[in-house]
Every structure is written in structure tokens, then in C-alpha cells.
Amino acid sequence: MTMRNWYLGAGDPLNLTLAADFRLGELTPGSDIAWEVELGGGDPPALAARTTYGLRARAARIFPRFLAGGQALAEPARFPAPPRLRRFAPNFLLFHFSPLAGIEVDAEFWVPSSQTLAGRFGIANHSENRQALALDLCAQLAPVGGRAFSPLLAQTVNILAGRTSDLSPVVFLTGGPRPGPGPYPSLAVDLVLPPGGSRQLTWAHAALPDQQASFELARRTAARPWEAERARLELLNASQTVEVACGDQDWDAAFAFSQKAAFSLFFPACGGLPRPSFVTSRRPDQAGAAPGREFPPHFDGQSLFDALHLSDALAGAPQLAEGLLENFLAAMREDGFLPCKSGADNPAGRWLAPPLLAGLAWKVYGAGRRAQIPDGMLPRLRRFLEAWDAPEHDRDRDGFPEWDHPLQAGLEDHPLFDPWQPQGQGLDIATVETPILAAMLQREYRLLAEMAGQAGVDDEREALSARAEACRALVESTRAPGGRRHLMRDRDAHASPAGRTLARKRGSGLHPLKLAFERPQRLLLQLLLASPASQPRFSLRGRADGKAVREEVARASLQWAGERAFYTTRHCYTRLAEVRCQGLGRNDRFTLAAPNLAAEDLACRLASVRETPGLAAALLPGGRLLRPFGVLQTALPQEAPVVRLPWNRMLGEALLENGMRVEAAALFARLMAGIVANLKGQRAFYAALQGETGAGLGEREALAGLAPLGLFLDVLGVRFAPGGCVELDGSNPFPWPVTVKYRGLAVTRREDQTEIVFPDGQALAVDDPSRCLVCPQEEQP
């Protein structure tokens with residue numbers, strides 16, 4: 001198995017972040033340093049590796065210049081052949097370029113550990129003439145409370161040394177360098193290459209608190225057996241990566257970079273978790289200084305939403321998904337309670353995790369025909385689901401549970417619940433019954449029933465199937481009049497009102513309203529303060545539950561978002577006579593509104609697709625939520641029309657479950673268009689996409705922006721199974737043949753035929769689109 005050779009330039013999809021790879025054993029979470037390679041950016045423009053040492057410097061860069069014929073050549077755009085990326089891994093990049101006529105260079109960047117960066121230049125003379133030139137390795141440092149890089153003689157060796165914050169970074173170059181001649185601190189090595197001649201130079205950078213320790217680490221790193229280290233990382237990545245070759249090379253690159261980025265998010269077991277966990281992003285500009293801390297400063301626990309999307313991106317590394325599942329099970333209490341965020345002190349730890357754990361277990365164990373559920377896992381998964389039956393999650397005791405917090409539901413930026421958006425309504429999610437929660441529970445019970453069937457526990461299978469049917473009935477109870485879709489509804493009133501403003505008032509005093517409602521109505525109080533010194537208090541008087549009520553609202557009861565505050569009433573009113581306000585300034589304003597529970601919503605649509613297959617066809621073509629780059633989270637007003645890849649991935653999975661392979665492929669193509677555009681324009685994965693333009697939104701290098709490789713394979717109808725087998729299902733819905741390679745197994749799907757070549761050379765052709773399991777001859781079941 002070998003890594004694929006690429007030929008990617010500045011106009012192609014790229015993702016050039018580098019970080020230590022936990023699988024190779026030298027990642028220190030408390031002092032981790034990530035890098036990014038620039039193809040011509042910065043000052044001066046160069047092929048440069050840059051970092052901030054985890055915000056312990058304003059900036060640091062390392063880049064080569066080539067000195068020949070009185071010229072200093074550093075800007076890639078001016079090279080006869082600009083850099084092309086040939087190979088890459090989470091901690092490794094290989095570029096090929098020609099800085100001047102006849103001279104070709106292989107430039108490698110490698111992050112062997114959290115505190116080091118190494119590089120190697122292979123410089124070859126392909127001209128017919130003798131070439132004299134110099135390699136000038138430059139280093140820039142804009143320090144925080146220290147000094148920039150400068151040449152220093154250390155044990156008879158010229159190095160570059162600097163100081164920033166609590167670090168003493170050092171740059172070391174082999175070949176007996178001298179201080180360079182240019183305007184930047186540098187180390188130079190003179191080269192004279194005959195025709196056909198070549199020279200190889202290695203450099204290393206280390207950043208530890210002590211300068212001598214940094215120097216020694218850099219020198220040891222430069223002396224490591226480079227070829228053996230590279231062979232090791234290439235073999236490892238080839239064995240855990242799915243290679244895709246389809247009719248769109250941009251997609252091929254996006255899948256490869258997505259897997260590279262996904263591996264980079266993992267770090268060793270810590271925080272009480274038995275197996276490796278992950279962060280949701282890893283960038284050069286993130287805080288990374290927390291010496292002695294066992295997990296990264298930006299780690300706030302692993303969530304099921306993130307774990308499922310990450311596992312989907314790493315379809316070739318099922319052992320990592322299995323480890324995440326073990327982490328969740330280790331964090332689960334005996335009563336089945338699983339924190340929304342596991343493995344770190346986080347306020348979300350007090351909320352119950354969303355019902356997605358059986359889905360992760362099914363992805364790990366249950367999806368393959370030969371998979372075996374480990375003994376004892378099924379009861380634990382069931383206890384977790386039954387934790388949702390607790391009274392604190394079903395406040396009206398009607399058997400339909402409610403979320404406790406938007407973060408728990410993956411809806412923290414939904415404008416219905418998010419108070420920070422300009423159009424955010426700030427509704428308390430605990431007052432809403434959402435069809436997606438019931439649909440998640442229904443799917444989880446159904447998957448558990450299938451697992452019980454695989455395990456031969458028929459009584460358990462029947463009981464779990466009954467629970468799944470009960471949850472399906474809950475989803476069905478939220479169907480809108482006319483039956484076209486499902487809606488969120490008020491927890492107590494069981495109504496789905498359209499949002500409307502009921503009153504706008506200003507200042508303190510008594511505000512008569514005399515509002516009457518045909519059905520009980522929960523209200524939203526939205527406050528905008530002109531003066532931060534205001535101490536607002538409210539009192540609402542009206543009728544609810546057939547009696548007169550007065551609802552007191554203290555300042556502490558308000559949900560604050562800057563100068564705005566929100567309050568969701570405890571009562572559902574049939575009449576509201578007045579609102580009395582105290583502590584407001586003359587220019588302080590408040591609005592009384594009915595929340596909009598009737599708007600189009602992806603989570604509700606997802607519930608519709610899963611529970612009512614006939615409605616799925618109406619979702620995509622011409623749907624109000626469909627945009628060029630995916631399906632929007634909601635039709636409610638937002639700053640920008642937002643497409644969330646994890647939710648769209650779940651929608652694609654639901655379409656597949658309903659046999660809508662072509663529609664799932666069309667949706668997937670929209671998502672990939674946005675992912676590719678951002679890899680080309682910004683060289684990054686973003687937390688969300690702008691639905692109309694595809695522009696990246698939110699956090700850069702975000703887990704939530706990774707390409708869903710697992711969904712692509714499911715849409716293609718290819719699933720790698722234990723024993724070197726492959727499961728095929730349906731036909732290829734994409735407009736070109738697709739070849740996927742994994743651990744020496746190659747599967748090519750054309751429109752009406754599939755060709756399989758096993759690692760030992762056996763070749764088979766399959767024409768039947770029916771689901772089947774294909775194994776090497778000696779492995780046939």
C-alpha cells in the first residue's frame with residue numbers, strides 16, 4: 001500500500017495545515033503547536049510554514065530563498081514551475097517546484113512532535129550546465145515579550161534563535177550553514193551542482209522554554225532517519241485512508257484532505273477517557289499553552305453530534321469510531337445518564353446527551369452483516385435511551401420528552417432559540433416538543449431492536465420494536481394539518497403558532513394590553529436596553545389554565561445576550577391584561593411576541609423524511625429550504641442562510657434509508673460544491689456554508705465542515721466489511737464511474753456494473769444491483 005501521488009497547485013483544492021499525529025506517538029496536548037504552509041502569501045511572499053506557537057507569538061514563519069546569479073528567488077508565483085503538492089498526511093507535506101531554470105526541488109515539511117517542525121530540501125540540477133546557487137533558509141518572528149530570530153553560534157554550529165512568551169525557538173540546518181546575507185534572519189548553504197547532480201539538506205525547528213533544550217531537540221530531530229520515518233507515516237495513512245477516484249478530481253482531493261484534517265483532530269486518551277478523543281478544530285492561531293495539562297486548552301469534551309460526523313469522515317479508520325464509542329460508555333453513569341459533553345469540565349455536562357449513541361454503535365458494529373455487538377453493550381445502550389424517560393425531560397408528563405438546552409440538541413445557533421443573533425427569538429427550548437427528538441428516539445430503538453435480532457435475543461427485540469413504534473406515534477402526533485410535514489409544538493398547549501409581534505412598549509410603568517387568544521399561547525418577552533444601568537423587572541397579569549395568574553419576572557430570570565434579554569413565560573395565556581415594568585430607562589424597549597413554531601425547519605423535515613417516506617420526495621426539488629449548496633437549517637430570518645453539514649449528512653442518510661439514492665446523490669453534490677469552493681479559495685473547512693454562495697461561515701478548520709466520506713460511500717452503495725469483504729447495494733447514482741481503494745481492495749462502480757479487485761489479485765464483476773456481500777473466494781461465507 002502506498003500513498004497517492006497528487007499534482008495540486010494554487011488553483012486546486014488545498015488544505016495545508018500541519019500538526020503532530022497522535023498515531024505516531026509524539027503529541028503533547030498541553031503544549032501543542034500547529035502550522036500552516038502558505039503558497040505565496042505573507043511578507044515576503046514565499047513557500048512558508050507559519051504559526052503563532054498557540055498565540056504565544058504574533059507570528060512566526062520559516063521559508064526558503066534561492067540565491068543565484070545575483071537574484072534572490074522566494075516568491076512561488078515567479079518560479080518557472082511553481083510549487084505543486086505531491087503527497088500529504090496530517091503531519092507531512094511534499095511539494096515539487098523549480099525556482100530557476102534547470103533546478104528542481106522537492107520540499108518536505110514534517111511535524112514529528114508537538115514542539116518540532118522539520119523539513120528537507122532535495123535540490124537537483126537537470127540542466128546541461130554546472131549550477132552554482134545557495135539555499136537561504138529564512139525565519140521571521142514577531143514575538144510577544146521577547147526578541148526576533150537572529151544568528152547564533154551554538155557548539156560551533158550556526159543556528160537561528162529567538163524568544164517569545166515562554167518559548168525559545170531555534171532553527172537548525174545541516175550542511176554547515178553560514179549566516180545568510182539577506183534582509184531576513186537566515187542560514188545559507190552554498191551549493192555547486194554538476195549536470196545531473198543533487199544535494200539534500202535537512203532543517204529542524206524546536207520550541208521549548210529553554211534555548212539549549214530547543215537546540216538539542218532540533219539537532220536530534222534533524223538527525224532522525226527521514227526515509228524510515230516517512231515510510232512509516234505513509235504506510236500508516238495508506239492503511240487507514242479510503243482513496244477515491246471519480247470523474248471530479250476536486251472531489252478526490254476534498255475527500256483526501258478531509259481525512260487528513262480528521263486525523264489531525266485526535267489526541268491521546270486523557271480526561272478520564274480510556275481511548276483517544278478529539279478537538280473540534282486545530283489551527284496555528286489557537287491557544288495551545290497549558291503546560292502540564294493532559295488535554296488541549298480548547299478541548300471541551302466530546303459530543304455525539306461531533307463524534308458521528310468525525311466517524312463519517314474517517315470511514316477507513318473504524319477503530320477510532322470504536323474508541324469514541326468506548327469513551328461514551330466509560331462516561332455513562334450506572335443509571336444511563338451520559339453527559340452531553342464527555343471528558344472535560346463543561347457546563348454541557350449537566351445535560352443528557354442526544355439520543356444518537358445506538359447510531360454510533362450501529363456504525364461501528366451493526367452495519368456489516370458479520371459484525372458482532374460486544375457482550376453487555378446492548379443493555380447499556382438501552383439504559384441510556386431510557387434516561388430520556390426521566391421526569392426532568394418530560395415536564396408535562398405526556399410521554400413526549402423535551403430538550404434541556406439548544407447545545408444538547410445541536411441547535412445552539414438556531415434563530416428560534418439563539419439569543420445572540422440579531423433576529424434570534426431566544427425561546428426556551430425546554431418549552432418545545434420537537435419531532436426530531438422523537439424521531440431520534442424512534443431510530444435508536446429501531447437500531448437496538450436490529451442489534452438484539454443479530455444477537456438472537458428475540459424478547460428484547462420485540463420490546464425494543466414496541467418502544468420504536470411508540471416513538472413513531474409521537475412523531476406522527478406533530479404532523480401539521482394537511483399532513484405535508486411535521487412541526488415543533490408548544491410543550492403544554494400542543495400548538496404550533498406562527499410567530500407574530502403582539503405589542504411594542506417603551507420605559508417603565510403599567511402597560512394595558514387586553515390581549516385574547518383562541519388557544520392557550522406561550523409568550524416571549526424580548527428586551528432591548530439603551531442603558532446598561534437598568535435593573536428591569538416585569539409582572540404579567542392575565543388568565544391561564546382557567547384561572548387568573550400573575551407572573552413575576554426578576555432580572556435574574558432573564559436570558560441575557562449583551563444589551564438584549566429574553567424571557568419565555570411559564571404560563572400559556574388565554575388572556576393577557578397588562579404588563580407592569582420597573583427599572584427601565586426612558587429609552588429601554590421591550591416586545592411581546594408569540595414564538596414562531598410553524599416555520600420550515602430542517603430538523604422537522606428530517607423527522608418527516610424518516611417517518612413518512614412519501615413526504616421525502618417533496619423536500620428537495622423546489623423546497624423552501626433547498627439552496628445551491630445544501631438544505632438550510634431553517635426558513636426563519638437569519639444573518640445569512642446557513643447550511644450545516646452534519647444535519648445535511650443526517651438528511652442524506654434518511655433519504656437513503658427511504659430508498660432515495662438519486663436524491664441523496666443530488667444533495668451530496670450540493671454539499672461538495674461548497675466544500676470544494678472553500679478548499680480552493682480559503683484552503684480550509686468551515687463550520688457552515690452560506691446557502692446561496694457557498695462561502696465558509698463560522699470557525700475555520702472545523703470538524704463540522706469535513707466532507708462526509710461515509711455518506712458518499714453509502715450513496716455509492718459500497719461498504720467495506722470485516723474479513724476483506726465488500727458489501728454492494730444498488731447502482732452508482734453519480735454521473736461518472738467511481739473507484740474506491742482501501743487496504744489493497746479496489747472497487748469500481750459504473751452505471752450498470754461493479755468490478756472488484758482483491759489484494760491478492762482476484763477480480764470479480766457484479767451486474768446485479770441487489771444488496772450482496774462479496775468476499776475473496778476462500779472467505780466466502
# chains A, B, ... in the order shown; residues from 1 in each chain; ligands from 1
>>> closest_atom_pairs(of="segment 283-366 of chain A", to="segment 720-736 of chain A", cutoff="12 Å", atoms="only C-alpha atoms", output="Markdown table")
| residue | atom | partner | partner_atom | distance |
| --- | --- | --- | --- | --- |
| A:Ala315 | CA | A:Phe720 | CA | 8.9 |
| A:Gly316 | CA | A:Phe720 | CA | 8.6 |
| A:Ala317 | CA | A:Phe720 | CA | 11.0 |
| A:Pro318 | CA | A:Phe720 | CA | 10.3 |
| A:Lys363 | CA | A:Ala721 | CA | 11.5 |
| A:Val364 | CA | A:Ala721 | CA | 10.8 |
| A:Tyr365 | CA | A:Pro722 | CA | 10.1 |
| A:Gly366 | CA | A:Ala721 | CA | 10.7 |
>>> write_last_selection(atoms="N, CA and C atoms", output="compact mmCIF listing (two decimals), in the first residue's frame")
# COMPACT_ATOMS: atom_id res chain seq x y z
N ALA A 315 -14.08 7.02 7.37
CA ALA A 315 -14.67 5.72 7.07
C ALA A 315 -13.62 4.62 6.99
N GLY A 316 -12.36 4.98 6.79
CA GLY A 316 -11.30 3.98 6.70
C GLY A 316 -10.63 3.67 8.01
N ALA A 317 -11.06 4.28 9.10
CA ALA A 317 -10.45 4.05 10.42
C ALA A 317 -11.52 3.71 11.43
N PRO A 318 -12.21 2.59 11.28
CA PRO A 318 -13.32 2.26 12.19
C PRO A 318 -12.86 2.07 13.62
N LYS A 363 -22.96 2.12 13.50
CA LYS A 363 -21.92 2.44 12.53
C LYS A 363 -20.68 1.59 12.79
N VAL A 364 -20.36 1.36 14.06
CA VAL A 364 -19.15 0.62 14.42
C VAL A 364 -19.35 -0.89 14.26
N TYR A 365 -20.48 -1.40 14.76
CA TYR A 365 -20.65 -2.86 14.86
C TYR A 365 -21.77 -3.43 14.00
N GLY A 366 -22.84 -2.71 13.88
CA GLY A 366 -24.05 -3.35 13.37
C GLY A 366 -24.29 -3.26 11.90
>>> select_by_dssp(residues="segment 487-716 of chain A", states="alpha helix (DSSP H)", output="VMD selection string")
chain A and resid 602 to 611 613 to 616 645 to 657 661 to 681 709 to 716
>>> closest_residue(among="A:Leu308, A:Ser214, A:Arg219, A:Leu152", to="Thr174 of chain A", atoms="only C-alpha atoms")
A:Arg219
>>> residues_around(residues="segment 461-471 of chain A", least_positions_apart="5", cutoff="10 Å", atoms="only C-alpha atoms", output="number ranges by chain")
A: 382, 399-400, 435, 437-456, 476-477
>>> write_last_selection(atoms="C-alpha atoms", output="CSV table (one decimal), in the first residue's frame")
chain,number,residue,atom,x,y,z
A,382,ARG,CA,-30.9,0.8,26.3
A,399,GLY,CA,-44.6,10.8,27.3
A,400,PHE,CA,-43.0,13.2,24.8
A,435,PRO,CA,-40.4,16.0,16.2
A,437,LEU,CA,-36.1,14.3,19.3
A,438,ALA,CA,-38.9,11.7,19.0
A,439,ALA,CA,-37.6,10.7,15.6
A,440,MET,CA,-34.1,10.2,17.0
A,441,LEU,CA,-35.5,8.1,19.8
A,442,GLN,CA,-37.5,6.0,17.3
A,443,ARG,CA,-34.5,5.4,15.2
A,444,GLU,CA,-32.3,4.5,18.2
A,445,TYR,CA,-34.9,1.9,19.4
A,446,ARG,CA,-35.2,0.5,16.0
A,447,LEU,CA,-31.4,0.1,15.7
A,448,LEU,CA,-31.3,-1.5,19.1
A,449,ALA,CA,-34.0,-3.9,18.0
A,450,GLU,CA,-32.0,-4.9,15.0
A,451,MET,CA,-28.9,-5.4,17.2
A,452,ALA,CA,-31.0,-7.6,19.5
A,453,GLY,CA,-32.1,-9.6,16.5
A,454,GLN,CA,-28.5,-10.0,15.4
A,455,ALA,CA,-27.6,-11.2,18.9
A,456,GLY,CA,-30.6,-13.7,18.9
A,476,GLU,CA,-46.9,11.4,14.0
A,477,SER,CA,-48.6,13.5,16.6
>>> closest_residue(among="A:Ser311, A:Thr202, A:Gln211, A:Ser496", to="Gly162 of chain A", atoms="only C-alpha atoms")
A:Gln211
>>> residues_around(residues="segment 280-286 of chain A", least_positions_apart="2", cutoff="8 Å", atoms="only C-alpha atoms", output="JSON, numbers by chain")
{"A": [17, 19, 33, 34, 35, 36, 50, 51, 52, 53, 54, 55, 264, 265, 278, 288, 298, 299, 306, 700, 701, 702, 703, 704]}
>>> write_last_selection(atoms="C-alpha atoms", output="mmCIF file, in the first residue's frame")
data_model
loop_
_atom_site.group_PDB
_atom_site.id
_atom_site.type_symbol
_atom_site.label_atom_id
_atom_site.label_comp_id
_atom_site.auth_asym_id
_atom_site.auth_seq_id
_atom_site.Cartn_x
_atom_site.Cartn_y
_atom_site.Cartn_z
ATOM 1 C CA THR A 17 -2.445 22.697 7.981
ATOM 2 C CA ALA A 19 0.115 19.147 13.257
ATOM 3 C CA ILE A 33 1.924 23.787 18.127
ATOM 4 C CA ALA A 34 0.150 23.620 14.764
ATOM 5 C CA TRP A 35 1.437 25.051 11.467
ATOM 6 C CA GLU A 36 0.074 26.062 8.086
ATOM 7 C CA ARG A 50 3.691 29.779 9.680
ATOM 8 C CA THR A 51 2.449 29.531 13.262
ATOM 9 C CA THR A 52 1.721 31.595 16.365
ATOM 10 C CA TYR A 53 3.003 28.939 18.813
ATOM 11 C CA GLY A 54 -0.513 28.703 20.206
ATOM 12 C CA LEU A 55 -0.875 32.527 20.426
ATOM 13 C CA SER A 264 -5.362 15.804 12.959
ATOM 14 C CA LEU A 265 -8.238 16.408 15.373
ATOM 15 C CA PHE A 278 -10.747 14.839 19.636
ATOM 16 C CA GLY A 288 -2.135 26.000 22.937
ATOM 17 C CA HIS A 298 -9.605 24.224 23.569
ATOM 18 C CA PHE A 299 -10.920 20.720 24.345
ATOM 19 C CA ASP A 306 -19.373 15.730 16.552
ATOM 20 C CA ARG A 700 -12.076 27.720 10.275
ATOM 21 C CA GLU A 701 -10.705 24.148 10.097
ATOM 22 C CA ALA A 702 -13.860 22.946 11.824
ATOM 23 C CA LEU A 703 -14.819 19.327 12.351
ATOM 24 C CA ALA A 704 -18.380 20.184 11.290
#
>>> residues_around(residues="Leu233 of chain A", least_positions_apart="4", cutoff="8 Å", atoms="only C-alpha atoms", output="PDB file with all heavy atoms, in the first residue's frame")
ATOM      1  N   LEU A  24       1.337   8.482  15.744  1.00  0.00           N
ATOM      2  CA  LEU A  24       2.781   8.278  15.672  1.00  0.00           C
ATOM      3  C   LEU A  24       3.463   8.621  16.986  1.00  0.00           C
ATOM      4  O   LEU A  24       4.690   8.655  17.066  1.00  0.00           O
ATOM      5  CB  LEU A  24       3.360   9.091  14.516  1.00  0.00           C
ATOM      6  CG  LEU A  24       2.780   8.677  13.157  1.00  0.00           C
ATOM      7  CD1 LEU A  24       3.180   9.646  12.060  1.00  0.00           C
ATOM      8  CD2 LEU A  24       3.223   7.274  12.793  1.00  0.00           C
ATOM      9  N   ALA A  89      -0.103  14.140   4.391  1.00  0.00           N
ATOM     10  CA  ALA A  89      -0.626  13.390   5.534  1.00  0.00           C
ATOM     11  C   ALA A  89      -0.898  14.420   6.627  1.00  0.00           C
ATOM     12  O   ALA A  89      -0.561  15.600   6.466  1.00  0.00           O
ATOM     13  CB  ALA A  89       0.387  12.333   5.984  1.00  0.00           C
ATOM     14  N   GLU A 229      11.158   7.204   8.723  1.00  0.00           N
ATOM     15  CA  GLU A 229      10.015   7.908   9.327  1.00  0.00           C
ATOM     16  C   GLU A 229       8.939   8.165   8.279  1.00  0.00           C
ATOM     17  O   GLU A 229       7.741   8.002   8.539  1.00  0.00           O
ATOM     18  CB  GLU A 229      10.486   9.227   9.942  1.00  0.00           C
ATOM     19  CG  GLU A 229      11.475   9.091  11.081  1.00  0.00           C
ATOM     20  CD  GLU A 229      10.798   8.772  12.401  1.00  0.00           C
ATOM     21  OE1 GLU A 229       9.590   8.502  12.405  1.00  0.00           O
ATOM     22  OE2 GLU A 229      11.494   8.806  13.430  1.00  0.00           O
ATOM     23  N   ASN A 237      -0.914   5.845   6.982  1.00  0.00           N
ATOM     24  CA  ASN A 237      -2.020   6.578   6.370  1.00  0.00           C
ATOM     25  C   ASN A 237      -2.649   5.803   5.225  1.00  0.00           C
ATOM     26  O   ASN A 237      -3.872   5.842   5.048  1.00  0.00           O
ATOM     27  CB  ASN A 237      -1.530   7.947   5.907  1.00  0.00           C
ATOM     28  CG  ASN A 237      -1.392   8.938   7.054  1.00  0.00           C
ATOM     29  OD1 ASN A 237      -2.369   9.495   7.515  1.00  0.00           O
ATOM     30  ND2 ASN A 237      -0.176   9.131   7.536  1.00  0.00           N
TER      31      ASN A 237
END
